[in-house]
$ cat data.tsv   # TSV, C-alpha atoms
chain	number	residue	atom	x	y	z
A	147	MET	CA	-115.72	150.08	-79.47
A	148	GLY	CA	-117.70	147.27	-81.04
A	149	ARG	CA	-116.71	144.42	-83.29
A	150	THR	CA	-115.27	144.61	-86.80
A	151	ILE	CA	-117.13	142.53	-89.39
A	152	ILE	CA	-115.35	141.93	-92.69
A	153	ILE	CA	-117.09	140.62	-95.83
A	154	SER	CA	-115.68	140.44	-99.35
A	155	ASP	CA	-116.78	139.78	-102.92
A	156	ILE	CA	-120.53	140.19	-102.46
A	157	HIS	CA	-120.96	140.31	-106.25
A	158	GLY	CA	-124.61	141.31	-106.25
A	159	CYS	CA	-125.68	138.76	-103.61
A	160	LEU	CA	-127.74	141.16	-101.48
A	161	THR	CA	-130.03	138.47	-100.05
A	162	GLN	CA	-127.05	136.53	-98.72
A	163	LEU	CA	-125.39	139.69	-97.41
A	164	GLN	CA	-128.42	140.67	-95.37
A	165	ALA	CA	-128.83	137.12	-94.07
A	166	LEU	CA	-125.15	136.95	-93.14
A	167	LEU	CA	-125.27	140.21	-91.22
A	168	GLU	CA	-128.23	138.85	-89.28
A	169	VAL	CA	-126.43	135.59	-88.52
A	170	ALA	CA	-123.36	137.52	-87.38
A	171	GLY	CA	-125.52	139.73	-85.15
A	172	PHE	CA	-124.45	142.96	-86.85
A	173	ASP	CA	-125.27	145.97	-84.66
A	174	ALA	CA	-125.01	149.22	-86.63
A	175	ASN	CA	-124.81	151.18	-83.39
A	176	ARG	CA	-121.65	149.41	-82.22
A	177	ASP	CA	-120.02	147.33	-84.95
A	178	HIS	CA	-117.99	148.50	-87.94
A	179	LEU	CA	-118.53	146.76	-91.26
A	180	ILE	CA	-115.69	146.46	-93.79
A	181	LEU	CA	-116.59	145.44	-97.34
A	182	LEU	CA	-113.52	144.27	-99.23
A	183	GLY	CA	-114.66	145.21	-102.72
A	184	ASP	CA	-116.39	143.62	-105.70
A	185	LEU	CA	-119.87	144.71	-104.73
A	186	ILE	CA	-121.08	144.11	-108.28
A	187	ASP	CA	-121.11	141.65	-111.23
A	188	HIS	CA	-122.16	137.99	-111.42
A	189	GLY	CA	-124.97	138.13	-108.85
A	190	PRO	CA	-128.52	139.39	-109.48
A	191	GLN	CA	-128.59	142.56	-107.35
A	192	SER	CA	-125.50	144.63	-108.11
A	193	ARG	CA	-127.27	147.99	-108.06
A	194	GLU	CA	-129.09	147.05	-104.86
A	195	VAL	CA	-125.86	146.08	-103.09
A	196	VAL	CA	-124.36	149.49	-103.90
A	197	ASP	CA	-127.57	151.16	-102.71
A	198	PHE	CA	-127.29	149.16	-99.49
A	199	ALA	CA	-123.65	150.12	-98.92
A	200	ILE	CA	-123.81	153.85	-99.64
A	201	PRO	CA	-125.77	155.02	-96.55
A	202	LEU	CA	-123.74	152.77	-94.24
A	203	VAL	CA	-120.49	154.25	-95.54
A	204	ARG	CA	-121.78	157.81	-95.41
A	205	ALA	CA	-122.90	157.28	-91.81
A	206	GLY	CA	-119.46	155.97	-90.83
A	207	ILE	CA	-120.89	152.54	-90.02
A	208	ALA	CA	-119.03	150.84	-92.87
A	209	THR	CA	-115.94	151.18	-95.02
A	210	ALA	CA	-116.05	149.91	-98.61
A	211	ILE	CA	-112.68	149.02	-100.15
A	212	ARG	CA	-112.35	149.19	-103.93
A	213	GLY	CA	-112.36	145.94	-105.90
A	214	ASN	CA	-111.42	145.23	-109.49
A	215	HIS	CA	-115.04	144.73	-110.57
A	216	ASP	CA	-116.07	148.03	-108.99
A	217	GLN	CA	-113.22	149.77	-110.77
A	218	ARG	CA	-114.12	148.09	-114.06
A	219	LEU	CA	-117.60	149.64	-114.02
A	220	ILE	CA	-116.05	153.11	-113.95
A	221	GLU	CA	-113.64	152.15	-116.73
A	222	THR	CA	-116.45	150.65	-118.80
A	223	VAL	CA	-118.55	153.78	-118.52
A	224	ASN	CA	-115.46	155.80	-119.49
A	225	GLY	CA	-114.98	153.63	-122.58
A	226	GLU	CA	-111.57	152.21	-121.67
A	227	PRO	CA	-110.80	149.43	-124.19
A	228	GLU	CA	-109.56	146.79	-121.75
A	229	ALA	CA	-112.63	147.19	-119.56
A	230	LEU	CA	-114.98	147.08	-122.54
A	231	ALA	CA	-113.38	143.83	-123.68
A	232	LYS	CA	-113.68	142.23	-120.22
A	233	PHE	CA	-117.01	143.52	-118.94
A	234	PHE	CA	-119.32	140.78	-120.20
A	235	LYS	CA	-116.70	138.05	-119.82
A	236	HIS	CA	-116.56	138.66	-116.07
A	237	GLY	CA	-120.14	138.88	-114.89
A	238	GLY	CA	-121.11	142.22	-116.42
A	239	GLN	CA	-124.43	141.11	-117.86
A	240	ALA	CA	-125.84	140.69	-114.35
A	241	THR	CA	-124.79	144.25	-113.59
A	242	TYR	CA	-126.34	145.50	-116.82
A	243	GLU	CA	-129.64	143.80	-115.98
A	244	SER	CA	-129.58	145.13	-112.43
A	245	TYR	CA	-129.08	148.71	-113.56
A	246	ILE	CA	-130.83	148.77	-116.95
A	247	GLY	CA	-133.17	145.79	-117.24
A	248	PRO	CA	-133.44	142.52	-119.21
A	249	ARG	CA	-131.04	142.10	-122.08
A	250	GLU	CA	-133.74	141.00	-124.52
A	251	HIS	CA	-132.31	141.19	-128.06
A	252	ARG	CA	-129.56	143.75	-127.48
A	253	THR	CA	-126.03	143.04	-128.65
A	254	GLU	CA	-123.09	143.53	-126.30
A	255	SER	CA	-122.14	146.70	-128.15
A	256	GLU	CA	-125.64	148.08	-127.67
A	257	MET	CA	-125.60	147.20	-123.97
A	258	LEU	CA	-122.22	148.84	-123.45
A	259	ARG	CA	-123.43	151.98	-125.16
A	260	GLU	CA	-126.55	152.01	-123.00
A	261	LEU	CA	-124.46	151.62	-119.83
A	262	GLN	CA	-122.26	154.52	-120.90
A	263	GLU	CA	-125.31	156.70	-121.47
A	264	ARG	CA	-127.63	155.78	-118.64
A	265	ILE	CA	-125.42	155.11	-115.64
A	266	PRO	CA	-123.85	158.61	-115.62
A	267	SER	CA	-127.27	160.20	-116.08
A	268	GLU	CA	-129.19	158.02	-113.60
A	269	PHE	CA	-126.58	156.62	-111.21
A	270	GLN	CA	-123.76	159.14	-111.09
A	271	HIS	CA	-123.86	158.87	-107.30
A	272	HIS	CA	-122.85	155.20	-107.66
A	273	LEU	CA	-119.88	156.12	-109.82
A	274	ASP	CA	-118.90	158.82	-107.33
A	275	PHE	CA	-119.19	156.32	-104.50
A	276	ILE	CA	-116.89	153.83	-106.26
A	277	ALA	CA	-114.42	156.59	-107.14
A	278	ASP	CA	-114.21	157.47	-103.43
A	279	MET	CA	-113.52	153.89	-102.31
A	280	PRO	CA	-110.05	153.58	-100.78
A	281	TYR	CA	-107.64	150.90	-101.93
A	282	TYR	CA	-106.89	149.74	-98.39
A	283	LEU	CA	-107.71	150.23	-94.74
A	284	GLU	CA	-105.42	149.69	-91.77
A	285	ASP	CA	-106.26	149.54	-88.08
A	286	ASN	CA	-104.27	148.56	-85.00
A	287	SER	CA	-104.43	144.85	-85.80
A	288	TYR	CA	-104.88	144.25	-89.54
A	289	ILE	CA	-104.43	145.55	-93.07
A	290	TYR	CA	-107.55	145.18	-95.22
A	291	VAL	CA	-107.35	145.08	-99.03
A	292	HIS	CA	-109.32	143.59	-101.89
A	293	ALA	CA	-106.70	141.39	-103.57
A	294	GLY	CA	-103.47	141.62	-101.59
A	295	ILE	CA	-100.07	143.24	-101.30
A	296	HIS	CA	-97.25	142.24	-103.61
A	297	PRO	CA	-94.15	141.17	-101.64
A	298	ASP	CA	-92.00	143.41	-103.84
A	299	TYR	CA	-93.59	146.41	-102.15
A	300	LYS	CA	-93.51	145.24	-98.53
A	301	HIS	CA	-91.32	148.20	-97.47
A	302	ASP	CA	-93.73	150.74	-98.99
A	303	TRP	CA	-96.91	148.76	-99.48
A	304	GLN	CA	-99.26	151.75	-99.24
A	305	ASN	CA	-97.73	153.04	-102.48
A	306	GLN	CA	-97.80	149.82	-104.48
A	307	PRO	CA	-99.44	150.22	-107.91
A	308	HIS	CA	-103.22	150.38	-107.66
A	309	ARG	CA	-103.51	147.36	-109.91
A	310	GLU	CA	-101.81	145.20	-107.26
A	311	PHE	CA	-104.44	146.16	-104.69
A	312	LEU	CA	-107.12	145.09	-107.17
A	313	TYR	CA	-105.66	142.04	-108.91
A	314	VAL	CA	-102.62	140.44	-107.24
A	315	LYS	CA	-102.86	136.72	-106.42
A	316	ASP	CA	-99.50	134.97	-106.48
A	317	PRO	CA	-96.92	135.74	-105.21
A	318	PHE	CA	-98.94	137.42	-102.45
A	319	ILE	CA	-100.77	134.23	-101.49
A	320	SER	CA	-97.83	131.84	-101.73
A	321	GLN	CA	-95.12	133.96	-100.12
A	322	PRO	CA	-94.75	135.62	-96.70
A	323	THR	CA	-95.88	139.23	-96.77
A	324	GLY	CA	-93.01	140.55	-94.66
A	325	LEU	CA	-95.43	142.97	-93.03
A	326	ALA	CA	-95.95	143.74	-89.37
A	327	LYS	CA	-99.69	142.99	-89.48
A	328	PRO	CA	-101.74	140.21	-91.07
A	329	VAL	CA	-103.54	141.07	-94.31
A	330	VAL	CA	-107.26	140.33	-94.65
A	331	PHE	CA	-108.19	139.98	-98.31
A	332	GLY	CA	-110.75	138.73	-100.83
A	333	HIS	CA	-110.54	138.45	-104.64
A	334	THR	CA	-109.13	134.90	-104.72
A	335	LYS	CA	-111.79	132.34	-103.81
A	336	THR	CA	-110.75	130.40	-100.75
A	337	ALA	CA	-111.86	127.22	-102.52
A	338	ASP	CA	-108.98	127.85	-104.92
A	339	ILE	CA	-106.54	128.21	-102.01
A	340	HIS	CA	-107.40	125.33	-99.70
A	341	GLY	CA	-110.10	123.40	-101.51
A	342	LYS	CA	-113.13	124.63	-99.56
A	343	PRO	CA	-115.06	127.92	-99.40
A	344	ASP	CA	-114.48	128.51	-95.68
A	345	ILE	CA	-112.23	131.31	-94.51
A	346	TRP	CA	-108.53	130.54	-95.01
A	347	PHE	CA	-106.32	131.36	-92.03
A	348	ASN	CA	-102.57	131.66	-92.61
A	349	GLU	CA	-99.82	133.02	-90.39
A	350	ASP	CA	-99.72	136.42	-92.04
A	351	LYS	CA	-102.89	136.59	-94.13
A	352	ILE	CA	-106.57	135.66	-94.02
A	353	GLY	CA	-108.57	134.99	-97.19
A	354	ILE	CA	-112.33	135.40	-96.91
A	355	ASP	CA	-113.80	135.20	-100.44
A	356	GLY	CA	-116.22	132.29	-100.19
A	357	GLY	CA	-117.28	132.52	-103.84
A	358	CYS	CA	-120.94	133.29	-103.15
A	359	ALA	CA	-121.82	134.35	-106.70
A	360	TYR	CA	-120.22	131.14	-107.99
A	361	GLY	CA	-122.59	129.01	-105.94
A	362	TYR	CA	-120.52	128.56	-102.77
A	363	GLN	CA	-120.98	130.84	-99.76
A	364	LEU	CA	-120.59	134.34	-98.38
A	365	ASN	CA	-118.19	134.58	-95.43
A	366	ALA	CA	-117.90	137.04	-92.58
A	367	LEU	CA	-114.76	137.37	-90.47
A	368	VAL	CA	-115.62	138.95	-87.14
A	369	VAL	CA	-112.97	140.51	-84.92
A	370	GLY	CA	-114.34	140.72	-81.40
A	371	GLU	CA	-113.77	143.59	-79.03
A	372	ASP	CA	-111.12	141.45	-77.31
A	373	GLY	CA	-109.43	140.61	-80.62
A	374	THR	CA	-110.76	137.08	-80.90
A	375	LEU	CA	-111.73	135.90	-84.37
A	376	HIS	CA	-115.02	134.30	-85.36
A	377	ALA	CA	-116.25	133.05	-88.72
A	378	PHE	CA	-119.80	133.02	-90.07
A	379	HIS	CA	-121.16	132.07	-93.46
A	380	ILE	CA	-124.31	131.80	-95.52
A	381	LYS	CA	-124.54	129.13	-98.19
A	382	TYR	CA	-125.57	130.49	-101.58
A	383	LYS	CA	-128.16	127.78	-102.27
A	384	GLU	CA	-129.77	127.97	-98.85
A	385	GLU	CA	-130.75	131.56	-99.50
A	386	THR	CA	-131.69	131.41	-103.18
A	387	GLN	CA	-133.61	128.17	-103.55
A	388	PRO	CA	-136.94	127.23	-101.94
$ encode --input "data.tsv" --output "structure tokens"
Amino acid sequence: MGRTIIISDIHGCLTQLQALLEVAGFDANRDHLILLGDLIDHGPQSREVVDFAIPLVRAGIATAIRGNHDQRLIETVNGEPEALAKFFKHGGQATYESYIGPREHRTESEMLRELQERIPSEFQHHLDFIADMPYYLEDNSYIYVHAGIHPDYKHDWQNQPHREFLYVKDPFISQPTGLAKPVVFGHTKTADIHGKPDIWFNEDKIGIDGGCAYGYQLNALVVGEDGTLHAFHIKYKEETQP
């Protein structure tokens, strides 16, 4: 048994992810990596982050939990109206450019149509990978999800609506979970919870989204073999500016 390293909301920040794993001393032969969703959108290397994650997951070295941005890519390709309306408002252009290339003079409608045509033909394995992402992971010590667990479902949380796993903020953050294990989650930037991008530790939940793609930092929560917790981070600007 090695350590468990948990990282969330990478959002296309591959450079920071690789630097963070190095800082945390990630050992693929011993450690298990948990990615708490939102691999794509906002940052410059969405496609590359998915390419990085796929072999680790297939080898059993990592587990990738589904995030709302990951799910939205599937829905966008499938032409679901809500996803089409939100895609470019929530960081989708970076994903388009990562998969397809520079926007140039294309309209949003043209870009959406191109995504719907080219991603299934050229990157179906990425869509399959996202479709296989679980909504949660549980081990002996923690529950890991992208967004959280709504208190209304504390007695049957595994069967809460999928949307709650992907989107819930309050009342999950502001109320006790009522669960037997702490919940490790992303989705809500920790700067929005306690005013700074560092990991937020609460009695029954731990928030780790450092807001890397928004110019803050990428966090890693490390659970040692003895259960002790350690925090590492990489500042966004340190890794992207000379």
$ closest_atom_pairs --input "data.tsv" --of "stretch 276-314 of chain A" --to "stretch 188-212 of chain A" --cutoff "10 Å" --atoms "only C-alpha atoms" --output "CSV"
residue,atom,partner,partner_atom,distance
A:Ile276,CA,A:Arg212,CA,6.9
A:Ala277,CA,A:Arg212,CA,8.3
A:Asp278,CA,A:Arg212,CA,8.5
A:Met279,CA,A:Arg212,CA,5.1
A:Pro280,CA,A:Ile211,CA,5.3
A:Tyr281,CA,A:Arg212,CA,5.4
A:Tyr282,CA,A:Ile211,CA,6.1
A:Leu283,CA,A:Ile211,CA,7.4
A:Tyr290,CA,A:Ile211,CA,8.1
A:Val291,CA,A:Ile211,CA,6.7
A:His292,CA,A:Ile211,CA,6.6
A:Ala293,CA,A:Arg212,CA,9.6
A:His308,CA,A:Arg212,CA,9.9
A:Phe311,CA,A:Arg212,CA,8.5
A:Leu312,CA,A:Arg212,CA,7.4
$ closest_residue --input "data.tsv" --among "A:Arg259, A:Lys383, A:His376, A:His251" --to "A:Arg149" --atoms "only C-alpha atoms"
A:His376
$ atom_distance --input "data.tsv" --atom1 "atom CA of A:Leu367" --atom2 "atom CA of A:Glu168"
13.6 Å
$ atom_distance --input "data.tsv" --atom1 "atom CA of A:Ser255" --atom2 "atom CA of A:Gly238"
12.6 Å
$ residues_around --input "data.tsv" --residues "A:Glu268" --least-positions-apart "4" --cutoff "10 Å" --atoms "only C-alpha atoms" --output "ChimeraX atom specification"
/A:245-246,263-264,272
$ closest_residue --input "data.tsv" --among "A:Met147, A:Ile295, A:Leu219, A:Ile156" --to "A:Ala366" --atoms "only C-alpha atoms"
A:Ile156
$ atom_distance --input "data.tsv" --atom1 "atom CA of A:Leu364" --atom2 "atom CA of A:Glu254"
29.5 Å
$ closest_residue --input "data.tsv" --among "A:Glu228, A:Asp177, A:Asp350, A:Glu221" --to "A:Ser287" --atoms "only C-alpha atoms"
A:Asp350
$ residues_around --input "data.tsv" --residues "A:Gly171" --least-positions-apart "2" --cutoff "12 Å" --atoms "all atoms listed in the file" --output "count of residues only"
23
$ closest_residue --input "data.tsv" --among "A:Leu325, A:Ile289, A:Leu182, A:Ile153" --to "A:Ile345" --atoms "all atoms listed in the file"
A:Ile153
$ closest_residue --input "data.tsv" --among "A:Val314, A:Ile352, A:Ala170, A:Leu261" --to "A:Pro328" --atoms "all atoms listed in the file"
A:Ile352
$ residues_around --input "data.tsv" --residues "stretch 233-235 of chain A" --least-positions-apart "2" --cutoff "8 Å" --atoms "all atoms listed in the file" --output "list in words"
Arg218, Leu219, Thr222, Ala229, Leu230, Ala231, Gly237, Gly238, Gln239 and Glu254 of chain A
$ residues_around --input "data.tsv" --residues "A:Lys381" --least-positions-apart "4" --cutoff "12 Å" --atoms "all atoms listed in the file" --output "PyMOL selection string"
chain A and resi 159+161-163+165-166+169+343-344+356-366+385-387
$ residues_near_point --input "data.tsv" --point "(-99.0, 133.7, -106.0)" --cutoff "12 Å" --atoms "all atoms listed in the file" --output "tab-separated table (two decimals) with C-alpha atoms, keeping the file's coordinate frame"
chain	number	residue	atom	x	y	z
A	293	ALA	CA	-106.70	141.39	-103.57
A	294	GLY	CA	-103.47	141.62	-101.59
A	295	ILE	CA	-100.07	143.24	-101.30
A	296	HIS	CA	-97.25	142.24	-103.61
A	297	PRO	CA	-94.15	141.17	-101.64
A	310	GLU	CA	-101.81	145.20	-107.26
A	313	TYR	CA	-105.66	142.04	-108.91
A	314	VAL	CA	-102.62	140.44	-107.24
A	315	LYS	CA	-102.86	136.72	-106.42
A	316	ASP	CA	-99.50	134.97	-106.48
A	317	PRO	CA	-96.92	135.74	-105.21
A	318	PHE	CA	-98.94	137.42	-102.45
A	319	ILE	CA	-100.77	134.23	-101.49
A	320	SER	CA	-97.83	131.84	-101.73
A	321	GLN	CA	-95.12	133.96	-100.12
A	322	PRO	CA	-94.75	135.62	-96.70
A	323	THR	CA	-95.88	139.23	-96.77
A	334	THR	CA	-109.13	134.90	-104.72
A	338	ASP	CA	-108.98	127.85	-104.92
A	339	ILE	CA	-106.54	128.21	-102.01
$ decode --input "data.tsv" --residues "stretch 215-228 of chain A" --atoms "N, CA and C atoms" --output "PDB file, in the first residue's frame"
ATOM      1  N   HIS A 215     -17.767  19.481 -16.149  1.00  0.00           N
ATOM      2  CA  HIS A 215     -17.213  19.894 -17.440  1.00  0.00           C
ATOM      3  C   HIS A 215     -16.922  18.691 -18.330  1.00  0.00           C
ATOM      4  N   ASP A 216     -16.476  17.596 -17.742  1.00  0.00           N
ATOM      5  CA  ASP A 216     -16.271  16.377 -18.511  1.00  0.00           C
ATOM      6  C   ASP A 216     -17.594  15.897 -19.104  1.00  0.00           C
ATOM      7  N   GLN A 217     -18.610  15.874 -18.258  1.00  0.00           N
ATOM      8  CA  GLN A 217     -19.939  15.449 -18.698  1.00  0.00           C
ATOM      9  C   GLN A 217     -20.479  16.375 -19.782  1.00  0.00           C
ATOM     10  N   ARG A 218     -20.205  17.673 -19.664  1.00  0.00           N
ATOM     11  CA  ARG A 218     -20.738  18.621 -20.642  1.00  0.00           C
ATOM     12  C   ARG A 218     -20.151  18.380 -22.038  1.00  0.00           C
ATOM     13  N   LEU A 219     -18.929  17.904 -22.119  1.00  0.00           N
ATOM     14  CA  LEU A 219     -18.356  17.623 -23.443  1.00  0.00           C
ATOM     15  C   LEU A 219     -19.159  16.534 -24.140  1.00  0.00           C
ATOM     16  N   ILE A 220     -19.519  15.484 -23.415  1.00  0.00           N
ATOM     17  CA  ILE A 220     -20.353  14.432 -23.998  1.00  0.00           C
ATOM     18  C   ILE A 220     -21.688  15.010 -24.440  1.00  0.00           C
ATOM     19  N   GLU A 221     -22.299  15.808 -23.585  1.00  0.00           N
ATOM     20  CA  GLU A 221     -23.606  16.377 -23.897  1.00  0.00           C
ATOM     21  C   GLU A 221     -23.532  17.352 -25.078  1.00  0.00           C
ATOM     22  N   THR A 222     -22.427  18.071 -25.185  1.00  0.00           N
ATOM     23  CA  THR A 222     -22.251  18.991 -26.307  1.00  0.00           C
ATOM     24  C   THR A 222     -22.131  18.227 -27.615  1.00  0.00           C
ATOM     25  N   VAL A 223     -21.329  17.189 -27.602  1.00  0.00           N
ATOM     26  CA  VAL A 223     -21.184  16.363 -28.808  1.00  0.00           C
ATOM     27  C   VAL A 223     -22.519  15.732 -29.186  1.00  0.00           C
ATOM     28  N   ASN A 224     -23.322  15.391 -28.190  1.00  0.00           N
ATOM     29  CA  ASN A 224     -24.637  14.783 -28.440  1.00  0.00           C
ATOM     30  C   ASN A 224     -25.698  15.811 -28.810  1.00  0.00           C
ATOM     31  N   GLY A 225     -25.347  17.094 -28.770  1.00  0.00           N
ATOM     32  CA  GLY A 225     -26.283  18.132 -29.185  1.00  0.00           C
ATOM     33  C   GLY A 225     -27.349  18.484 -28.174  1.00  0.00           C
ATOM     34  N   GLU A 226     -27.093  18.232 -26.886  1.00  0.00           N
ATOM     35  CA  GLU A 226     -28.090  18.553 -25.868  1.00  0.00           C
ATOM     36  C   GLU A 226     -28.168  20.071 -25.681  1.00  0.00           C
ATOM     37  N   PRO A 227     -29.354  20.654 -25.762  1.00  0.00           N
ATOM     38  CA  PRO A 227     -29.498  22.119 -25.799  1.00  0.00           C
ATOM     39  C   PRO A 227     -28.848  22.856 -24.634  1.00  0.00           C
ATOM     40  N   GLU A 228     -29.011  22.372 -23.418  1.00  0.00           N
ATOM     41  CA  GLU A 228     -28.433  23.067 -22.266  1.00  0.00           C
ATOM     42  C   GLU A 228     -26.919  23.106 -22.362  1.00  0.00           C
TER      43      GLU A 228
END
